[in-house]
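Text of start-v9.tsv, listed as TSV, C-alpha atoms:
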```tsv
chain	number	residue	atom	x	y	z
A	1	MET	CA	90.90	153.37	-49.88
A	2	ASN	CA	87.26	153.89	-50.51
A	3	ASP	CA	86.92	154.71	-54.18
A	4	GLY	CA	83.25	155.41	-53.63
A	5	ARG	CA	84.20	158.73	-52.12
A	6	LYS	CA	83.34	161.76	-54.13
A	7	GLY	CA	85.55	164.66	-55.14
A	8	TRP	CA	89.00	164.88	-53.59
A	9	GLY	CA	88.49	161.71	-51.62
A	10	ASN	CA	88.83	159.71	-54.78
A	11	PRO	CA	92.14	159.84	-56.72
A	12	ALA	CA	90.37	159.10	-60.00
A	13	GLN	CA	88.06	162.06	-59.43
A	14	THR	CA	91.05	164.20	-58.52
A	15	ASP	CA	92.79	163.18	-61.74
A	16	LEU	CA	89.67	164.03	-63.72
A	17	LEU	CA	89.34	167.42	-62.06
A	18	ARG	CA	93.02	168.10	-62.66
A	19	LEU	CA	92.62	167.21	-66.33
A	20	LYS	CA	89.69	169.60	-66.65
A	21	VAL	CA	91.71	172.41	-65.05
A	22	GLN	CA	94.69	171.69	-67.29
A	23	LEU	CA	92.46	171.75	-70.37
A	24	ALA	CA	90.80	174.96	-69.22
A	25	PHE	CA	94.18	176.62	-68.86
A	26	LEU	CA	94.98	175.74	-72.45
A	27	PHE	CA	92.62	178.55	-73.37
A	28	VAL	CA	94.96	180.86	-71.49
A	29	TRP	CA	98.23	179.58	-72.92
A	30	LEU	CA	96.95	178.94	-76.44
A	31	LEU	CA	94.29	180.42	-78.66
A	32	PRO	CA	92.06	182.42	-78.69
A	33	LEU	CA	94.59	184.89	-77.29
A	34	GLY	CA	97.03	183.79	-79.96
A	35	SER	CA	100.47	185.29	-80.16
A	36	ARG	CA	99.54	188.82	-79.22
A	37	LEU	CA	100.99	188.82	-75.72
A	38	HIS	CA	104.56	187.70	-76.26
A	39	ALA	CA	105.83	190.64	-74.28
A	40	ILE	CA	104.37	189.03	-71.17
A	41	PRO	CA	105.99	185.97	-69.60
A	42	ALA	CA	103.84	183.07	-68.46
A	43	CYS	CA	104.48	181.10	-65.30
A	44	VAL	CA	104.44	177.78	-67.17
A	45	PHE	CA	106.75	175.91	-69.48
A	46	HIS	CA	105.40	176.54	-72.94
A	47	CYS	CA	107.47	177.36	-76.00
A	48	TYR	CA	106.59	180.81	-77.28
A	49	ALA	CA	107.50	179.79	-80.80
A	50	CYS	CA	104.48	177.51	-80.76
A	51	PRO	CA	102.21	178.88	-83.49
A	52	ALA	CA	99.38	179.25	-80.98
A	53	SER	CA	101.23	180.45	-77.90
A	54	SER	CA	99.84	183.47	-76.09
A	55	PHE	CA	102.64	184.31	-73.69
A	56	ALA	CA	106.42	184.05	-73.59
A	57	CYS	CA	108.25	181.11	-72.04
A	58	PRO	CA	109.82	182.37	-68.79
A	59	ILE	CA	112.85	180.12	-69.16
A	60	GLY	CA	113.49	181.22	-72.73
A	61	LEU	CA	113.16	184.82	-71.64
A	62	LEU	CA	115.47	184.39	-68.65
A	63	ALA	CA	118.13	182.76	-70.82
A	64	ASN	CA	117.80	185.56	-73.35
A	65	TYR	CA	118.17	188.13	-70.60
A	66	ALA	CA	121.18	186.31	-69.16
A	67	ALA	CA	122.80	186.48	-72.57
A	68	LEU	CA	122.70	190.26	-72.27
A	69	PHE	CA	125.32	190.13	-69.52
A	70	PRO	CA	126.84	192.49	-68.41
A	71	ALA	CA	124.14	194.89	-69.62
A	72	ILE	CA	121.62	192.91	-67.58
A	73	LEU	CA	123.11	194.39	-64.41
A	74	SER	CA	121.47	197.68	-65.31
A	75	VAL	CA	118.29	198.37	-63.36
A	76	THR	CA	116.36	199.09	-66.54
A	77	ILE	CA	117.37	195.81	-68.16
A	78	MET	CA	116.98	193.43	-65.23
A	79	PRO	CA	114.28	190.85	-66.02
A	80	TRP	CA	111.87	192.27	-63.46
A	81	LEU	CA	108.71	191.04	-65.10
A	82	VAL	CA	109.86	187.44	-65.55
A	83	LEU	CA	111.30	187.16	-62.07
A	84	GLY	CA	108.24	188.85	-60.61
A	85	VAL	CA	105.85	186.46	-62.31
A	86	LEU	CA	107.86	183.42	-61.21
A	87	VAL	CA	108.32	184.54	-57.61
A	88	PHE	CA	104.65	185.51	-57.36
A	89	ALA	CA	103.43	182.20	-58.77
A	90	GLY	CA	105.90	180.20	-56.70
A	91	ALA	CA	105.07	182.03	-53.48
A	92	LEU	CA	101.37	181.54	-54.12
A	93	VAL	CA	101.15	177.83	-54.94
A	94	GLY	CA	104.66	176.47	-55.64
A	95	THR	CA	104.72	173.47	-57.95
A	96	ARG	CA	100.96	173.26	-58.11
A	97	ILE	CA	101.63	175.24	-61.28
A	98	CYS	CA	103.39	172.14	-62.63
A	99	GLY	CA	100.67	169.71	-61.70
A	100	TRP	CA	97.58	171.70	-62.58
A	101	VAL	CA	98.43	174.53	-64.95
A	102	CYS	CA	101.48	173.76	-67.09
A	103	PRO	CA	100.60	172.75	-70.67
A	104	PHE	CA	103.79	170.76	-71.10
A	105	GLY	CA	102.88	168.83	-67.97
A	106	LEU	CA	99.52	168.09	-69.54
A	107	ILE	CA	101.22	166.85	-72.69
A	108	GLN	CA	103.38	164.51	-70.64
A	109	ASP	CA	100.35	163.31	-68.70
A	110	VAL	CA	98.64	162.45	-71.98
A	111	ILE	CA	101.72	160.69	-73.35
A	112	ALA	CA	101.99	158.73	-70.11
A	113	LYS	CA	98.50	157.35	-70.73
A	114	LEU	CA	99.75	155.83	-73.97
A	115	GLY	CA	102.43	153.81	-72.21
A	116	PRO	CA	102.26	151.04	-69.66
A	117	LYS	CA	100.38	151.77	-66.45
A	118	ARG	CA	103.34	150.81	-64.31
A	119	LYS	CA	106.03	153.40	-64.84
A	120	ILE	CA	109.75	153.18	-64.32
A	121	GLY	CA	110.80	154.81	-61.05
A	122	LEU	CA	113.55	157.38	-60.79
A	123	PRO	CA	116.03	157.88	-57.95
A	124	SER	CA	115.56	161.11	-56.03
A	125	TRP	CA	118.94	162.55	-57.00
A	126	VAL	CA	117.96	162.91	-60.67
A	127	GLY	CA	115.90	165.93	-59.64
A	128	MET	CA	119.16	167.81	-59.20
A	129	GLY	CA	119.39	167.85	-62.99
A	130	ARG	CA	116.78	170.62	-62.94
A	131	TYR	CA	119.13	172.87	-61.02
A	132	ALA	CA	122.05	171.97	-63.26
A	133	VAL	CA	119.97	173.11	-66.23
A	134	LEU	CA	118.75	176.21	-64.39
A	135	LEU	CA	122.20	177.31	-63.31
A	136	GLY	CA	124.18	176.04	-66.26
A	137	LEU	CA	122.04	176.51	-69.35
A	138	VAL	CA	119.69	179.28	-68.24
A	139	ILE	CA	122.04	181.51	-66.26
A	140	ILE	CA	125.78	180.81	-66.33
A	141	LEU	CA	126.45	179.74	-69.93
A	142	PRO	CA	124.29	182.43	-71.54
A	143	MET	CA	126.03	185.00	-69.34
A	144	TYR	CA	129.44	183.59	-70.20
A	145	PHE	CA	128.86	183.64	-73.94
A	146	GLY	CA	127.00	186.92	-73.66
A	147	ALA	CA	130.04	188.48	-72.03
A	148	LYS	CA	132.02	187.31	-75.04
A	149	GLY	CA	129.67	189.24	-77.28
A	150	LEU	CA	127.59	186.35	-78.59
A	151	PHE	CA	123.85	186.91	-78.91
A	152	TYR	CA	121.70	184.17	-77.44
A	153	GLU	CA	120.79	182.83	-80.84
A	154	GLU	CA	124.45	182.56	-81.77
A	155	GLN	CA	125.54	180.70	-78.66
A	156	PRO	CA	126.70	177.11	-79.18
A	157	ILE	CA	124.57	175.58	-76.44
A	158	THR	CA	121.40	176.90	-74.88
A	159	VAL	CA	118.46	175.51	-72.96
A	160	CYS	CA	116.27	176.07	-76.01
A	161	LYS	CA	118.45	173.74	-78.04
A	162	ILE	CA	117.76	170.79	-75.77
A	163	CYS	CA	114.17	171.69	-75.00
A	164	PRO	CA	111.64	169.02	-75.99
A	165	ALA	CA	108.82	171.55	-75.58
A	166	GLY	CA	110.27	173.56	-78.45
A	167	ALA	CA	110.52	170.45	-80.60
A	168	LEU	CA	107.02	169.24	-79.76
A	169	GLU	CA	105.10	172.50	-79.63
A	170	ALA	CA	106.86	174.45	-82.36
A	171	GLY	CA	109.17	172.28	-84.45
A	172	LEU	CA	106.63	169.51	-84.96
A	173	PRO	CA	103.69	171.66	-86.08
A	174	TYR	CA	105.87	173.70	-88.41
A	175	SER	CA	107.40	170.54	-89.87
A	176	LEU	CA	104.01	168.94	-90.35
A	177	TYR	CA	102.74	172.13	-91.92
A	178	GLY	CA	105.71	172.06	-94.27
A	179	LEU	CA	104.96	168.47	-95.24
A	180	VAL	CA	101.31	169.27	-95.88
A	181	LYS	CA	102.37	172.14	-98.11
A	182	GLY	CA	104.50	169.72	-100.11
A	183	GLY	CA	107.78	170.78	-98.58
A	184	GLU	CA	110.33	168.89	-96.55
A	185	TRP	CA	110.52	167.89	-92.90
A	186	GLN	CA	112.01	171.06	-91.49
A	187	MET	CA	113.14	169.98	-88.06
A	188	GLY	CA	116.81	169.14	-87.78
A	189	VAL	CA	118.18	165.67	-87.05
A	190	PHE	CA	119.11	166.49	-83.46
A	191	LYS	CA	115.75	167.99	-82.63
A	192	SER	CA	113.87	165.19	-84.34
A	193	THR	CA	115.86	162.59	-82.42
A	194	LEU	CA	115.37	164.50	-79.19
A	195	LEU	CA	111.63	164.59	-79.78
A	196	ALA	CA	111.44	160.87	-80.56
A	197	VAL	CA	113.49	159.94	-77.48
A	198	PHE	CA	111.42	162.23	-75.29
A	199	LEU	CA	108.12	160.75	-76.52
A	200	LEU	CA	109.37	157.22	-75.88
A	201	VAL	CA	110.73	158.00	-72.43
A	202	ALA	CA	107.57	159.90	-71.46
A	203	MET	CA	105.54	156.76	-72.09
A	204	TRP	CA	107.65	154.69	-69.71
A	205	VAL	CA	108.62	157.29	-67.11
A	206	TYR	CA	106.05	159.64	-65.61
A	207	ARG	CA	106.86	163.27	-66.49
A	208	PRO	CA	110.55	162.80	-67.25
A	209	TRP	CA	111.15	166.42	-68.23
A	210	CYS	CA	109.50	167.82	-65.12
A	211	ARG	CA	111.34	165.49	-62.77
A	212	VAL	CA	114.79	165.48	-64.30
A	213	LEU	CA	115.49	168.57	-66.34
A	214	CYS	CA	112.81	171.26	-66.06
A	215	PRO	CA	114.47	174.44	-64.73
A	216	LEU	CA	111.12	176.12	-64.15
A	217	GLY	CA	109.86	173.23	-62.04
A	218	GLY	CA	113.13	173.31	-60.13
A	219	PHE	CA	112.69	176.99	-59.35
A	220	LEU	CA	109.06	176.65	-58.29
A	221	ALA	CA	109.93	173.63	-56.16
A	222	LEU	CA	112.37	175.73	-54.17
A	223	LEU	CA	109.38	177.76	-52.99
A	224	ASN	CA	107.27	174.75	-52.00
A	225	LYS	CA	108.41	174.97	-48.40
A	226	VAL	CA	107.39	178.59	-48.03
A	227	SER	CA	104.52	178.96	-50.48
A	228	LEU	CA	101.19	180.18	-49.14
A	229	GLY	CA	99.42	177.23	-50.71
A	230	ARG	CA	100.86	174.04	-49.30
A	231	LEU	CA	100.13	170.49	-48.34
A	232	HIS	CA	99.39	169.92	-44.70
A	233	VAL	CA	99.62	166.63	-42.83
A	234	GLU	CA	97.54	165.80	-39.80
A	235	SER	CA	100.07	163.32	-38.57
A	236	GLU	CA	98.05	162.25	-35.55
A	237	LYS	CA	95.51	160.74	-37.93
A	238	CYS	CA	98.06	158.82	-39.99
A	239	LEU	CA	97.77	155.06	-39.82
A	240	GLN	CA	100.98	154.58	-41.80
A	241	CYS	CA	99.03	152.63	-44.37
A	242	ASN	CA	101.26	154.03	-47.14
A	243	VAL	CA	98.28	154.69	-49.40
A	244	CYS	CA	99.66	158.16	-50.13
A	245	LEU	CA	102.97	156.60	-51.14
A	246	ARG	CA	101.25	154.25	-53.55
A	247	LEU	CA	99.16	157.05	-55.01
A	248	CYS	CA	102.08	159.41	-55.56
A	249	PRO	CA	103.07	159.36	-59.26
A	250	VAL	CA	106.53	160.78	-58.59
A	251	GLY	CA	107.45	158.35	-55.85
A	252	ILE	CA	107.73	160.51	-52.77
A	253	ALA	CA	106.27	159.82	-49.34
A	254	PRO	CA	103.86	162.77	-48.97
A	255	VAL	CA	103.08	162.11	-45.33
A	256	GLU	CA	106.75	162.41	-44.42
A	257	ASN	CA	107.65	165.32	-46.66
A	258	PRO	CA	104.49	166.83	-48.10
A	259	ASN	CA	106.17	169.90	-49.53
A	260	SER	CA	109.09	168.10	-51.10
A	261	VAL	CA	110.96	169.72	-53.97
A	262	ARG	CA	110.15	166.62	-56.00
A	263	CYS	CA	106.39	167.02	-55.58
A	264	ILE	CA	104.31	168.31	-58.51
A	265	ARG	CA	101.30	168.81	-56.23
A	266	CYS	CA	98.92	166.70	-58.25
A	267	LEU	CA	97.01	166.26	-54.95
A	268	ARG	CA	96.36	162.54	-55.44
A	269	CYS	CA	97.68	161.98	-51.92
A	270	VAL	CA	94.92	164.20	-50.53
A	271	SER	CA	92.59	161.26	-51.05
A	272	CYS	CA	93.73	159.51	-47.89
A	273	GLY	CA	92.21	162.13	-45.62
A	274	VAL	CA	95.37	162.78	-43.61
A	275	ILE	CA	96.82	165.22	-46.10
A	276	SER	CA	95.02	168.37	-47.18
A	277	TRP	CA	95.69	171.35	-49.39
A	278	LYS	CA	95.87	174.58	-47.48
A	279	SER	CA	95.80	177.80	-49.45
A	280	ILE	CA	95.58	181.46	-48.49
A	281	LEU	CA	91.83	180.94	-48.52
A	282	GLY	CA	92.12	178.25	-45.87
A	283	THR	CA	91.56	174.52	-46.15
A	284	SER	CA	88.61	173.75	-48.34
A	285	SER	CA	86.52	170.79	-47.25
A	286	LYS	CA	86.65	169.60	-50.85
A	287	GLU	CA	90.42	169.69	-50.72
A	288	ARG	CA	90.60	167.86	-47.44
A	289	GLY	CA	90.16	164.46	-48.95
A	290	GLY	CA	88.20	161.49	-47.83
A	291	GLY	CA	87.71	162.28	-44.17
A	292	ASP	CA	88.70	159.94	-41.41
A	293	PRO	CA	91.29	157.47	-42.72
A	294	ALA	CA	90.22	154.94	-40.12
A	295	GLU	CA	86.85	154.59	-41.78
B	1	MET	CA	109.39	159.77	-38.48
B	2	LYS	CA	109.70	163.28	-39.67
B	3	ARG	CA	106.27	164.80	-40.03
B	4	GLU	CA	105.35	168.27	-41.13
B	5	GLN	CA	102.87	169.77	-38.73
B	6	GLU	CA	100.49	172.55	-39.55
B	7	LYS	CA	102.02	175.89	-38.79
B	8	SER	CA	99.42	178.08	-37.22
B	9	GLU	CA	101.67	181.11	-37.29
B	10	PHE	CA	101.57	183.70	-40.01
B	11	ASN	CA	103.52	182.59	-43.07
B	12	PHE	CA	105.65	185.70	-43.17
B	13	PHE	CA	108.15	184.50	-45.75
B	14	GLY	CA	105.42	183.38	-48.14
B	15	TRP	CA	103.66	186.73	-47.97
B	16	PHE	CA	106.98	188.54	-48.25
B	17	LEU	CA	107.85	186.69	-51.44
B	18	LEU	CA	104.38	187.32	-52.81
B	19	ALA	CA	104.87	191.04	-52.18
B	20	VAL	CA	108.32	190.92	-53.78
B	21	GLY	CA	106.77	189.29	-56.84
B	22	VAL	CA	104.11	191.97	-57.08
B	23	VAL	CA	106.67	194.76	-56.77
B	24	TRP	CA	108.93	193.24	-59.41
B	25	ILE	CA	105.99	192.77	-61.76
B	26	ALA	CA	105.02	196.41	-61.22
B	27	ILE	CA	108.58	197.57	-61.94
B	28	GLY	CA	108.69	195.43	-65.06
B	29	VAL	CA	105.38	196.74	-66.31
B	30	ILE	CA	106.31	200.35	-65.65
B	31	ILE	CA	109.81	200.50	-67.05
B	32	GLN	CA	109.99	197.64	-69.54
B	33	THR	CA	106.68	197.14	-71.27
B	34	PRO	CA	106.31	199.20	-74.42
B	35	LEU	CA	103.06	201.00	-74.95
B	36	ARG	CA	100.64	199.10	-77.11
B	37	ASP	CA	100.71	201.45	-80.05
B	38	GLN	CA	104.47	201.71	-79.74
B	39	GLU	CA	104.77	197.93	-79.83
B	40	ASP	CA	102.39	197.62	-82.75
B	41	GLN	CA	104.33	200.22	-84.66
B	42	LEU	CA	107.64	198.47	-84.08
B	43	VAL	CA	106.24	195.04	-84.86
B	44	GLY	CA	104.67	196.49	-87.96
B	45	GLN	CA	108.00	197.88	-89.09
B	46	LEU	CA	109.66	194.57	-88.41
B	47	THR	CA	107.00	192.70	-90.28
B	48	ILE	CA	107.65	194.85	-93.31
B	49	ASN	CA	111.35	194.15	-93.11
B	50	LEU	CA	111.25	190.44	-92.61
B	51	ALA	CA	109.67	187.34	-93.92
B	52	ILE	CA	109.12	184.77	-91.25
B	53	ALA	CA	110.98	181.61	-92.11
B	54	HIS	CA	108.37	179.31	-90.70
B	55	GLY	CA	105.79	177.81	-92.95
B	56	GLY	CA	108.11	177.49	-95.90
B	57	ILE	CA	108.48	181.18	-96.55
B	58	GLN	CA	112.02	182.06	-97.43
B	59	ALA	CA	113.88	183.86	-94.68
B	60	GLN	CA	115.33	187.21	-95.57
B	61	PRO	CA	117.91	189.47	-94.00
B	62	ILE	CA	116.47	191.98	-91.60
B	63	ALA	CA	117.48	194.98	-89.61
B	64	VAL	CA	116.09	195.66	-86.17
B	65	ASN	CA	115.89	199.39	-85.70
B	66	GLY	CA	118.50	199.67	-88.39
B	67	ALA	CA	121.19	198.21	-86.13
B	68	GLU	CA	121.13	194.46	-86.36
B	69	GLY	CA	121.37	192.27	-89.36
B	70	GLY	CA	120.46	188.65	-89.50
B	71	VAL	CA	117.93	186.14	-90.62
B	72	ALA	CA	114.63	186.38	-88.90
B	73	SER	CA	112.38	183.73	-87.57
B	74	GLY	CA	110.67	182.97	-84.33
B	75	PRO	CA	108.73	185.16	-81.97
B	76	VAL	CA	108.95	188.89	-81.64
B	77	ILE	CA	109.45	189.89	-78.05
B	78	ALA	CA	109.25	193.33	-76.60
B	79	HIS	CA	112.54	194.03	-74.95
B	80	PRO	CA	114.13	197.05	-73.35
B	81	VAL	CA	117.31	196.59	-75.29
B	82	TYR	CA	117.67	197.39	-78.98
B	83	GLY	CA	115.16	200.16	-78.98
B	84	ARG	CA	112.80	198.34	-76.63
B	85	ILE	CA	112.18	195.51	-79.03
B	86	LYS	CA	114.23	192.60	-80.09
B	87	LEU	CA	113.66	189.77	-82.43
B	88	PHE	CA	114.72	186.63	-80.69
B	89	ILE	CA	115.96	184.06	-83.11
B	90	ASP	CA	115.22	180.86	-81.29
B	91	ARG	CA	117.43	178.18	-82.76
B	92	SER	CA	115.51	175.49	-80.97
B	93	VAL	CA	112.66	176.33	-83.23
B	94	THR	CA	114.55	177.48	-86.22
B	95	SER	CA	116.24	174.11	-86.29
B	96	ALA	CA	112.86	173.32	-87.75
B	97	CYS	CA	113.49	175.75	-90.56
B	98	PRO	CA	116.31	176.11	-93.06
B	99	THR	CA	117.93	178.96	-91.20
```

Same coordinates, now as structure tokens:
Amino acid sequence: MNDGRKGWGNPAQTDLLRLKVQLAFLFVWLLPLGSRLHAIPACVFHCYACPASSFACPIGLLANYAALFPAILSVTIMPWLVLGVLVFAGALVGTRICGWVCPFGLIQDVIAKLGPKRKIGLPSWVGMGRYAVLLGLVIILPMYFGAKGLFYEEQPITVCKICPAGALEAGLPYSLYGLVKGGEWQMGVFKSTLLAVFLLVAMWVYRPWCRVLCPLGGFLALLNKVSLGRLHVESEKCLQCNVCLRLCPVGIAPVENPNSVRCIRCLRCVSCGVISWKSILGTSSKERGGGDPAE
Amino acid sequence: MKREQEKSEFNFFGWFLLAVGVVWIAIGVIIQTPLRDQEDQLVGQLTINLAIAHGGIQAQPIAVNGAEGGVASGPVIAHPVYGRIKLFIDRSVTSACPT
């Protein structure tokens, strides 16, 4: 790997560019828009109880809609806007949302920098946890309890109750604000413990929420295979050097399965020159990577 | 070794899903999004009736469109049910408050 390459040919440069894009998108998900657009769902995982959130969390909204079962079966109550936003974003770029746009992904990237450089690997099957959360906590359980007449906020278990984004982005600032004002730590014991465990794990495991439990990432990943933006492998150029495998932070072999459901599309693997990002606008030379891998 | 080759053919399914997303967004915007002044009016009424629990302010009982009682905290979301607006009480967040 020639680290002297510029742009997408250099994984460090790719990481820096990705960080800049993630930070730029914070101005979309956070202030200055503030909390004026909570009627509109975002396509990223970001708690809408965060004091500075602009848009609604699509997973929180979906779970709330599911809790309206059976009324949700009505055409006028179906969550058209949420589903539309998610399908549109997923069909456009798939999990590139996770790698480049999601603020909770950025938070986990930052936390990961605080931990050891060598992260603990995860077996591939843990990714199924995302679908268990999606089906169980976002769809089936809210519908079940909703059919029994319980509002979402009254249900005994919901995705919001185990969500570290809620604890980190909303519970923590409100609790700190309470402390500053001379009050008490407002976050409950369970949420506080959840937050502490999550922070610790995120230092030792790269993006644990995204890879194990995130229902939004699971949904977007389902569209990776068919999304218009996708990773493309020029297999005839591959020297099987496994550089892409070493660069991949989530431990997949991009050259074998570039549009894997486990991929967050950070595009580090593009550096090798065999893999490129192909969008509806075509394959940008900047996104093609470092050129001939045999160089 | 299984390798994914570039598909030169038109990505029909991708474009189809993109179109589906656009149509669903359009439907959602048309039939589910309250008008801005309508939303402001409802949020204004809610704001009068409730004190947000966050930030140490004491939570108070509220009524959403005169139908629902409860303790309010968390975000206000426009919603087609309950008179097109509903106050979602997000316990994940309100675990951070006394409610």

Please identify every residue of chain A that has at least one atom no farther than 7 Å from an atom of chain B, counting all atoms listed in the file, and for each give the shortest atom pair and the distance in Å to one decimal, arranged by chain then increasing number, as a Markdown table.
```
| residue | atom | partner | partner_atom | distance |
| --- | --- | --- | --- | --- |
| A:His38 | CA | B:Ile77 | CA | 5.6 |
| A:Ala39 | CA | B:Ala78 | CA | 4.9 |
| A:Tyr48 | CA | B:Pro75 | CA | 6.7 |
| A:Ala49 | CA | B:Pro75 | CA | 5.6 |
| A:Thr76 | CA | B:Ile31 | CA | 6.7 |
| A:Ile77 | CA | B:Pro80 | CA | 6.2 |
| A:Trp80 | CA | B:Gly28 | CA | 4.8 |
| A:Leu81 | CA | B:Gly28 | CA | 4.4 |
| A:Gly84 | CA | B:Gly21 | CA | 4.1 |
| A:Val85 | CA | B:Gly21 | CA | 6.2 |
| A:Val87 | CA | B:Gly21 | CA | 5.1 |
| A:Phe88 | CA | B:Gly21 | CA | 4.4 |
| A:Ala91 | CA | B:Leu18 | CA | 5.4 |
| A:Leu92 | CA | B:Leu18 | CA | 6.6 |
| A:Glu153 | CA | B:Ile89 | CA | 5.5 |
| A:Cys160 | CA | B:Ser92 | CA | 5.1 |
| A:Lys161 | CA | B:Ser92 | CA | 4.5 |
| A:Gly166 | CA | B:Val93 | CA | 6.0 |
| A:Ala167 | CA | B:Val93 | CA | 6.8 |
| A:Ala170 | CA | B:Val93 | CA | 6.2 |
| A:Gly171 | CA | B:Ala96 | CA | 5.1 |
| A:Tyr174 | CA | B:Gly55 | CA | 6.1 |
| A:Ser175 | CA | B:Ala96 | CA | 6.5 |
| A:Tyr177 | CA | B:Gly55 | CA | 6.5 |
| A:Gly178 | CA | B:Gly55 | CA | 5.9 |
| A:Gln186 | CA | B:Ala96 | CA | 4.5 |
| A:Met187 | CA | B:Ala96 | CA | 3.4 |
| A:Gly188 | CA | B:Ser95 | CA | 5.2 |
| A:Val226 | CA | B:Gly14 | CA | 5.2 |
| A:Ser227 | CA | B:Gly14 | CA | 5.1 |
| A:Leu228 | CA | B:Gly14 | CA | 5.4 |
| A:His232 | CA | B:Glu6 | CA | 5.9 |
| A:Val233 | CA | B:Gln5 | CA | 6.1 |
| A:Glu234 | CA | B:Gln5 | CA | 6.7 |
| A:Ser235 | CA | B:Arg3 | CA | 6.5 |
| A:Val255 | CA | B:Arg3 | CA | 6.7 |
| A:Glu256 | CA | B:Arg3 | CA | 5.0 |
| A:Asn257 | CA | B:Glu4 | CA | 6.7 |
```

Distance query 9 Å from (110.2, 168.5, -55.6) using all atoms listed in the file, result as a compact mmCIF listing (two decimals) with C-alpha atoms, in the frame of the given file:
```txt
# COMPACT_ATOMS: atom_id res chain seq x y z
CA THR A 95 104.72 173.47 -57.95
CA GLY A 127 115.90 165.93 -59.64
CA ARG A 211 111.34 165.49 -62.77
CA GLY A 217 109.86 173.23 -62.04
CA GLY A 218 113.13 173.31 -60.13
CA LEU A 220 109.06 176.65 -58.29
CA ALA A 221 109.93 173.63 -56.16
CA LEU A 222 112.37 175.73 -54.17
CA ASN A 224 107.27 174.75 -52.00
CA ILE A 252 107.73 160.51 -52.77
CA ASN A 259 106.17 169.90 -49.53
CA SER A 260 109.09 168.10 -51.10
CA VAL A 261 110.96 169.72 -53.97
CA ARG A 262 110.15 166.62 -56.00
CA CYS A 263 106.39 167.02 -55.58
CA ILE A 264 104.31 168.31 -58.51
CA ARG A 265 101.30 168.81 -56.23
```

Atom pair atom CA of Ser124 of chain A + atom CA of Ala253 of chain A, distance 11.5 Å

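Interatomic distance, atom CA of Asp15 of chain A against atom CA of Val101 of chain A: 13.1 Å.
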
If we count all atoms listed in the file, what is near Lys117 of chain A at a cut-off of 12 Å, once residues fewer than 5 positions away on the same chain are taken out, given as a PyMOL selection string? chain A and resi 109+111-112+202-206+249

Based on the selection just made, write C-alpha atoms of those residues as a PDB file, in the frame of the given file.
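Written out: result_6.pdb:
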```pdb
ATOM      1  CA  ASP A 109     100.350 163.310 -68.700  1.00  0.00           C
ATOM      2  CA  ILE A 111     101.720 160.690 -73.350  1.00  0.00           C
ATOM      3  CA  ALA A 112     101.990 158.730 -70.110  1.00  0.00           C
ATOM      4  CA  ALA A 202     107.570 159.900 -71.460  1.00  0.00           C
ATOM      5  CA  MET A 203     105.540 156.760 -72.090  1.00  0.00           C
ATOM      6  CA  TRP A 204     107.650 154.690 -69.710  1.00  0.00           C
ATOM      7  CA  VAL A 205     108.620 157.290 -67.110  1.00  0.00           C
ATOM      8  CA  TYR A 206     106.050 159.640 -65.610  1.00  0.00           C
ATOM      9  CA  PRO A 249     103.070 159.360 -59.260  1.00  0.00           C
TER      10      PRO A 249
END
```

* Asked: Using all atoms listed in the file, which of the listed residues (A:Gly182, A:Pro156, A:Gly149, A:Pro164) sits closest to Ala71 of chain A?
  ->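 Among the listed residues, the smallest separation from Ala71 of chain A belongs to A:Gly149.
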
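The interatomic distance for the pair atom CA of Ile280 of chain A and atom CA of Trp209 of chain A works out to 29.3 Å.
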
Segment 39-53 of chain A, all listed atoms, 6 Å padding on each side: what axis-aligned box centre and edge lengths in Å to one decimal come out, as AutoDock Vina command-line options?
```
--center_x 103.4 --center_y 183.3 --center_z -74.4 --size_x 20.1 --size_y 26.7 --size_z 30.2
```
